[in-house]
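Here's final02.cif, which has mmCIF, C-alpha atoms:
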data_query
#
loop_
_atom_site.label_atom_id
_atom_site.label_comp_id
_atom_site.auth_asym_id
_atom_site.auth_seq_id
_atom_site.Cartn_x
_atom_site.Cartn_y
_atom_site.Cartn_z
CA MET D 237 75.43 145.08 224.99
CA SER D 238 73.68 144.49 221.71
CA LEU D 239 74.64 141.64 219.44
CA ARG D 240 73.47 143.56 216.35
CA ALA D 241 76.08 144.75 213.86
CA PRO D 242 76.59 148.53 213.68
CA LEU D 243 75.22 148.59 210.13
CA ALA D 244 72.03 146.79 211.12
CA ARG D 245 71.56 149.29 213.94
CA ALA D 246 71.99 152.21 211.57
CA LEU D 247 69.57 150.92 208.92
CA ASN D 248 65.85 151.72 208.94
CA HIS D 249 65.99 154.60 211.34
CA GLY D 250 63.52 156.48 209.18
CA ALA D 251 63.82 159.74 207.30
CA ALA D 252 67.14 161.49 206.79
CA HIS D 253 65.41 164.83 207.58
CA ASP D 254 66.43 166.59 204.40
CA GLY D 255 62.92 166.41 202.91
CA THR D 256 62.17 170.04 203.76
CA HIS D 257 65.29 171.20 201.96
CA HIS D 258 64.32 169.15 198.89
CA TRP D 259 60.84 170.70 198.97
CA ILE D 260 62.15 174.26 199.34
CA VAL D 261 64.75 173.93 196.54
CA GLN D 262 62.05 172.53 194.25
CA ARG D 263 59.91 175.63 194.91
CA VAL D 264 62.79 178.09 194.59
CA THR D 265 63.91 176.61 191.26
CA ALA D 266 60.26 176.64 190.10
CA LEU D 267 59.96 180.32 190.98
CA ALA D 268 63.14 181.16 189.07
CA LEU D 269 62.19 178.98 186.09
CA ALA D 270 58.73 180.52 185.63
CA PRO D 271 59.91 183.79 184.01
CA LEU D 272 62.83 182.04 182.25
CA ALA D 273 60.56 179.45 180.61
CA ILE D 274 58.17 182.14 179.34
CA TRP D 275 61.14 184.16 178.07
CA LEU D 276 62.54 181.15 176.15
CA LEU D 277 59.14 180.22 174.69
CA PHE D 278 58.58 183.74 173.35
CA ALA D 279 62.19 184.18 172.24
CA LEU D 280 62.14 180.95 170.19
CA LEU D 281 58.69 181.57 168.71
CA LEU D 282 59.70 185.10 167.71
CA LEU D 283 62.90 184.03 165.91
CA PRO D 284 62.40 184.93 162.24
CA ASP D 285 63.79 181.53 161.17
CA SER D 286 65.87 178.70 162.60
CA SER D 287 68.93 179.08 160.37
CA TYR D 288 72.41 178.77 161.86
CA ALA D 289 73.09 182.50 161.48
CA THR D 290 69.83 183.57 163.17
CA VAL D 291 70.21 181.15 166.07
CA THR D 292 73.85 181.92 166.83
CA VAL D 293 73.29 185.68 166.57
CA TRP D 294 70.37 185.30 168.98
CA ILE D 295 72.48 183.31 171.47
CA ARG D 296 75.26 185.94 171.30
CA HIS D 297 72.87 188.86 171.63
CA SER D 298 73.21 190.73 174.97
CA TRP D 299 72.02 188.64 177.96
CA ASN D 300 70.64 185.69 176.03
CA ALA D 301 73.60 183.39 176.75
CA VAL D 302 73.41 184.14 180.46
CA LEU D 303 69.65 183.58 180.65
CA LEU D 304 69.92 180.43 178.54
CA SER D 305 72.68 179.03 180.78
CA LEU D 306 70.67 179.86 183.89
CA LEU D 307 67.61 178.18 182.40
CA LEU D 308 69.55 175.02 181.55
CA LEU D 309 71.08 174.79 185.03
CA LEU D 310 67.83 175.48 186.87
CA ALA D 311 65.73 173.25 184.61
CA SER D 312 68.16 170.35 185.10
CA TRP D 313 68.16 170.90 188.85
CA HIS D 314 64.36 171.17 189.04
CA ALA D 315 63.89 168.16 186.77
CA TRP D 316 66.34 166.12 188.85
CA LEU D 317 64.39 166.88 192.04
CA GLY D 318 61.13 166.05 190.29
CA MET D 319 62.38 162.78 188.79
CA GLN D 320 63.75 161.82 192.19
CA MET D 321 60.22 162.13 193.62
CA VAL D 322 58.69 160.19 190.74
CA ILE D 323 61.23 157.36 191.09
CA GLU D 324 60.84 157.20 194.88
CA ASP D 325 57.06 157.06 194.53
CA TYR D 326 56.86 154.28 191.95
CA VAL D 327 60.03 152.16 192.27
CA HIS D 328 60.33 150.36 195.59
CA ALA D 329 62.91 147.61 195.00
CA PHE D 330 66.11 148.85 196.63
CA LEU D 331 68.51 148.06 193.79
CA SER D 332 66.45 149.37 190.89
CA LYS D 333 65.43 152.46 192.89
CA THR D 334 69.03 153.28 193.78
CA ALA D 335 70.23 152.61 190.23
CA LEU D 336 67.53 154.86 188.74
CA LEU D 337 68.19 157.65 191.26
CA LEU D 338 71.91 157.59 190.48
CA LEU D 339 71.28 157.38 186.74
CA SER D 340 68.94 160.38 186.79
CA ALA D 341 71.41 162.40 188.89
CA PHE D 342 74.20 161.70 186.38
CA VAL D 343 72.00 162.31 183.34
CA PHE D 344 70.84 165.71 184.61
CA ALA D 345 74.36 166.73 185.57
CA LEU D 346 75.48 165.77 182.06
CA LEU D 347 72.56 167.66 180.47
CA ALA D 348 73.30 170.80 182.47
CA ALA D 349 77.05 170.72 181.81
CA SER D 350 76.79 169.99 178.08
CA GLY D 351 73.99 172.51 177.57
CA VAL D 352 75.88 175.33 179.28
CA TYR D 353 79.06 174.34 177.44
CA ALA D 354 77.25 174.51 174.09
CA VAL D 355 75.79 177.94 174.87
CA LEU D 356 79.15 179.34 175.98
CA HIS D 357 80.86 177.79 172.97
CA VAL D 358 78.53 179.67 170.64
CA ALA D 359 78.52 182.86 172.70
CA LEU D 360 82.30 183.14 173.07
CA ARG D 361 83.35 181.95 169.61
CA GLY D 362 85.45 184.53 167.84
CA LEU D 363 86.08 186.54 170.96
CA PRO D 364 89.76 187.38 171.55
CA MET F 222 63.05 146.93 204.64
CA ALA F 223 60.37 148.04 207.07
CA GLU F 224 56.85 148.33 205.65
CA ARG F 225 56.04 152.03 205.54
CA PRO F 226 52.73 153.62 204.55
CA LEU F 227 52.47 154.78 200.93
CA SER F 228 50.64 157.78 199.48
CA PRO F 229 47.09 156.84 198.47
CA PHE F 230 47.79 157.69 194.81
CA THR F 231 50.31 154.86 194.54
CA LYS F 232 47.47 152.36 195.08
CA MET F 233 44.66 151.41 192.75
CA PHE F 234 41.43 153.37 193.12
CA GLY F 235 39.50 150.47 194.61
CA GLU F 236 42.02 149.97 197.39
CA SER F 237 42.50 153.64 198.21
CA GLY F 238 38.81 154.39 198.76
CA TYR F 239 39.08 157.69 196.83
CA ARG F 240 36.37 158.82 194.42
CA TRP F 241 37.60 160.37 191.17
CA ALA F 242 37.50 164.16 190.93
CA TYR F 243 38.84 166.06 187.92
CA THR F 244 41.36 167.86 190.13
CA MET F 245 43.09 164.46 190.47
CA THR F 246 43.56 164.35 186.71
CA LEU F 247 45.25 167.74 186.85
CA SER F 248 47.46 166.49 189.64
CA ILE F 249 48.75 163.47 187.72
CA LEU F 250 49.05 165.56 184.55
CA HIS F 251 51.48 167.82 186.42
CA ARG F 252 53.70 164.79 186.88
CA VAL F 253 53.22 163.51 183.32
CA THR F 254 54.04 166.90 181.80
CA GLY F 255 57.02 167.23 184.14
CA VAL F 256 58.47 163.96 182.85
CA ALA F 257 57.64 164.99 179.27
CA LEU F 258 59.55 168.23 179.80
CA VAL F 259 62.67 166.19 180.64
CA PHE F 260 62.60 165.07 176.99
CA ALA F 261 61.97 168.65 175.85
CA LEU F 262 65.06 169.69 177.82
CA LEU F 263 67.00 166.90 176.15
CA GLY F 264 65.82 168.17 172.74
CA LEU F 265 66.85 171.73 173.61
CA VAL F 266 70.32 170.63 174.71
CA VAL F 267 70.86 168.49 171.58
CA TRP F 268 69.80 171.47 169.43
CA LEU F 269 72.26 173.78 171.26
CA ILE F 270 75.06 171.22 170.94
CA GLY F 271 74.28 171.02 167.21
CA ALA F 272 74.67 174.80 167.00
CA SER F 273 77.91 174.72 168.98
CA PHE F 274 79.53 172.31 166.51
CA GLY F 275 79.30 174.89 163.74
CA SER F 276 77.27 175.62 160.66
CA ALA F 277 77.71 172.31 158.84
CA SER F 278 76.72 170.10 161.74
CA TYR F 279 73.81 172.42 162.60
CA GLN F 280 72.52 172.00 159.03
CA ALA F 281 72.78 168.24 159.51
CA PHE F 282 70.80 168.45 162.78
CA LEU F 283 68.15 170.82 161.47
CA PRO F 284 65.93 168.36 159.55
CA LEU F 285 65.36 166.62 162.91
CA TYR F 286 63.68 169.80 164.15
CA GLY F 287 62.13 171.17 160.98
CA GLY F 288 59.49 168.89 159.44
CA VAL F 289 55.83 168.55 160.28
CA PRO F 290 56.34 165.50 162.56
CA ALA F 291 58.99 167.45 164.47
CA LYS F 292 56.63 170.40 164.78
CA LEU F 293 53.96 168.10 166.19
CA VAL F 294 56.44 166.88 168.82
CA ILE F 295 57.44 170.49 169.57
CA SER F 296 53.72 171.32 169.89
CA LEU F 297 53.35 168.60 172.53
CA ALA F 298 56.35 170.04 174.37
CA VAL F 299 54.76 173.51 174.22
CA ILE F 300 51.49 172.15 175.64
CA ALA F 301 53.42 170.36 178.41
CA LEU F 302 55.42 173.51 179.20
CA ILE F 303 52.39 175.80 179.39
CA TYR F 304 50.40 173.32 181.46
CA HIS F 305 53.27 172.66 183.87
CA PHE F 306 53.85 176.42 184.12
CA CYS F 307 50.20 177.27 184.89
CA ASN F 308 49.62 174.37 187.24
CA GLY F 309 53.00 175.08 188.85
CA LEU F 310 51.83 178.61 189.68
CA ARG F 311 48.74 176.99 191.21
CA HIS F 312 50.98 174.79 193.35
CA LEU F 313 53.07 177.79 194.44
CA ALA F 314 49.87 179.62 195.43
CA TRP F 315 48.80 176.60 197.49
CA ASP F 316 52.20 176.56 199.17
CA MET F 317 51.52 180.15 200.27
CA GLY F 318 48.21 178.92 201.69
CA TRP F 319 46.07 180.52 198.96
CA GLY F 320 43.20 178.84 197.13
CA PHE F 321 43.29 175.53 198.94
CA GLU F 322 39.54 175.37 199.65
CA ARG F 323 37.69 172.87 197.48
CA ALA F 324 35.71 175.46 195.49
CA ALA F 325 38.79 177.63 194.90
CA ALA F 326 40.92 174.64 193.89
CA ARG F 327 38.28 173.56 191.38
CA ARG F 328 38.01 177.08 189.97
CA SER F 329 41.78 177.39 189.59
CA ALA F 330 41.82 173.94 187.93
CA LEU F 331 39.42 175.18 185.25
CA LEU F 332 41.50 178.33 184.86
CA VAL F 333 44.65 176.23 184.31
CA VAL F 334 42.92 174.10 181.65
CA LEU F 335 41.58 177.20 179.85
CA ALA F 336 44.93 179.02 180.01
CA THR F 337 46.73 175.94 178.68
CA LEU F 338 44.26 175.49 175.80
CA ILE F 339 44.36 179.15 174.75
CA GLY F 340 48.10 179.66 175.35
CA SER F 341 49.21 176.55 173.53
CA ALA F 342 46.76 177.12 170.66
CA LEU F 343 48.31 180.56 170.08
CA CYS F 344 51.87 179.21 170.31
CA ILE F 345 51.15 176.28 167.98
CA VAL F 346 49.58 178.60 165.40
CA CYS F 347 52.76 180.73 165.64
CA LEU F 348 54.90 177.63 165.28
CA PHE F 349 53.17 176.36 162.13
CA ARG F 350 52.46 179.71 160.45
CA GLY F 351 55.77 181.40 161.19
CA SER F 352 58.81 180.97 159.03
CA VAL F 353 60.24 178.73 161.76
CA SER F 354 61.33 175.87 159.58
#

Using structure tokens, write down the structure from this file.
Amino acid sequence: MSLRAPLARALNHGAAHDGTHHWIVQRVTALALAPLAIWLLFALLLLPDSSYATVTVWIRHSWNAVLLSLLLLLASWHAWLGMQMVIEDYVHAFLSKTALLLLSAFVFALLAASGVYAVLHVALRGLP
Amino acid sequence: MAERPLSPFTKMFGESGYRWAYTMTLSILHRVTGVALVFALLGLVVWLIGASFGSASYQAFLPLYGGVPAKLVISLAVIALIYHFCNGLRHLAWDMGWGFERAAARRSALLVVLATLIGSALCIVCLFRGSVS
């Protein structure tokens, strides 16, 4: 019989074995973001001006709201995975690492939700 | 916590025993531009929220995005985006097992730098010459 507490036995058993999943999701989101990022870059550069009317008409036009929402979701997801790696590589103190990881998770969730909300708000305004 | 080995890049050069090669600069730039793009994403979301609040609030937001200093910041975001895009494709190719030999990796590094320079130059010219205000 061991005298160690259950928690002490559970700690420091190494990797949680979800690294491969993290790696794959990062690649899949990258693959999906590649065409979306180029689309957004060209779409914004080709806008005749940045007035309210031009921008809202562009957001409402055909698939733009869908693509924009997808881009915001995927970019937040991809950025979250990336920031997670950066934080884990450079911050080693347990408390600050955990705090930063949680903060970045919440910030990216907030960014994704508010971005998609804003796009839908513009796209659906005036619809019955 | 148990002492676990760290990646060599988290140490100083002297300790790691690595000699500098320009491909390393591209590698760290991928990270730097990735973090920079987080702020670009933030800017995009704030802009969209401004638009969602209606015409008046959008007009109030617009000066933030319109002037020359703002365009310089947007230019930096464009450079970061194009670099991260090109070098990201390079990473995806590596993940498929393509171009991982030293000569090929150095050639693709040059290609990424050239594509970023040309691509972002064109976009920045568009940004400053266009009626995007």

Exercise. Apply the PyMOL selection byres ((chain D) within 6 of (chain F)) to the displayed file and report the matching residues as a PyMOL selection string.
Key: chain D and resi 285-286+288+351+354+357-358

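If you count all atoms listed in the file and ignore residues fewer than 2 places along the chain from Ala345 in chain D, what sits within 9 Å of it is Leu309, Ser312, Trp313, Trp316, Ser340, Ala341, Phe342, Val343, Leu347, Ala348, Ala349 and Ser350 of chain D.
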
Quiz item: If we count all atoms listed in the file, what is near Arg311 in chain F at a cut-off of 9 Å, once residues fewer than 4 positions away on the same chain are taken out, given as a ChimeraX atom specification?
Solution: /F:306-307,315-316,319-320,326,329-330,333

Store the residues of this selection in a file with C-alpha atoms, as a PDB file, keeping the file's coordinate frame.
ATOM      1  CA  PHE F 306      53.850 176.420 184.120  1.00  0.00           C
ATOM      2  CA  CYS F 307      50.200 177.270 184.890  1.00  0.00           C
ATOM      3  CA  TRP F 315      48.800 176.600 197.490  1.00  0.00           C
ATOM      4  CA  ASP F 316      52.200 176.560 199.170  1.00  0.00           C
ATOM      5  CA  TRP F 319      46.070 180.520 198.960  1.00  0.00           C
ATOM      6  CA  GLY F 320      43.200 178.840 197.130  1.00  0.00           C
ATOM      7  CA  ALA F 326      40.920 174.640 193.890  1.00  0.00           C
ATOM      8  CA  SER F 329      41.780 177.390 189.590  1.00  0.00           C
ATOM      9  CA  ALA F 330      41.820 173.940 187.930  1.00  0.00           C
ATOM     10  CA  VAL F 333      44.650 176.230 184.310  1.00  0.00           C
TER      11      VAL F 333
END

Practice problem: Find the residues with any atom within 12 Å of (64.3, 178.7, 175.9); use only C-alpha atoms and the coordinates as given in the file, and write the answer as a ChimeraX atom specification. | Solution: /D:269-283,291,294-295,300-308,310-311,351,355 /F:261-262,264-266,268-269,298-299,302

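Nearest residue to Leu293 in chain F among F:Pro226, F:Phe349, F:Leu338, F:Arg323 is F:Phe349, counting all atoms listed in the file.
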
Practice problem: Take CA of Ala242 in chain F and CA of Ala257 in chain F and report the distance between them in Å, one decimal. | Solution: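 Going from CA of Ala242 in chain F over to CA of Ala257 in chain F, I get 23.3 Å.
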
Quiz item: Care to translate the PyMOL selection byres ((chain D and resi 262) around 10) into actual residues of this file, as a ChimeraX atom specification?
Solution: /D:256-261,263-267,310,313-318

Let me see the file: selected residues, C-alpha atoms, as a CSV table (one decimal), in the frame of the given file.
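Below you can see result.csv, which holds the result:
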chain,number,residue,atom,x,y,z
D,256,THR,CA,62.2,170.0,203.8
D,257,HIS,CA,65.3,171.2,202.0
D,258,HIS,CA,64.3,169.2,198.9
D,259,TRP,CA,60.8,170.7,199.0
D,260,ILE,CA,62.2,174.3,199.3
D,261,VAL,CA,64.8,173.9,196.5
D,263,ARG,CA,59.9,175.6,194.9
D,264,VAL,CA,62.8,178.1,194.6
D,265,THR,CA,63.9,176.6,191.3
D,266,ALA,CA,60.3,176.6,190.1
D,267,LEU,CA,60.0,180.3,191.0
D,310,LEU,CA,67.8,175.5,186.9
D,313,TRP,CA,68.2,170.9,188.8
D,314,HIS,CA,64.4,171.2,189.0
D,315,ALA,CA,63.9,168.2,186.8
D,316,TRP,CA,66.3,166.1,188.8
D,317,LEU,CA,64.4,166.9,192.0
D,318,GLY,CA,61.1,166.0,190.3

Exercise. Identify which of the residues D:Val293, D:Ala329, D:Ala252, D:Met319 lies closest to Phe344 in chain D, counting all atoms listed in the file when measuring atom-to-atom distances.
Key: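 The answer is D:Met319, which sits nearest to Phe344 in chain D.
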
Exercise. Take CA of Leu356 in chain D and CA of Leu285 in chain F and report the distance between them in Å, one decimal.
Key: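 According to the coordinates, CA of Leu356 in chain D and CA of Leu285 in chain F are separated by 22.9 Å.
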
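CA of Arg245 in chain D to CA of Tyr326 in chain D spans 26.9 Å [interatomic distance, one decimal].
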
Box centre and edge lengths (Å, one decimal), axis-aligned, range 250-267 of chain F plus 4 Å each side, as AutoDock Vina command-line options:
--center_x 60.0 --center_y 167.6 --center_z 179.2 --size_x 29.8 --size_y 16.2 --size_z 23.3
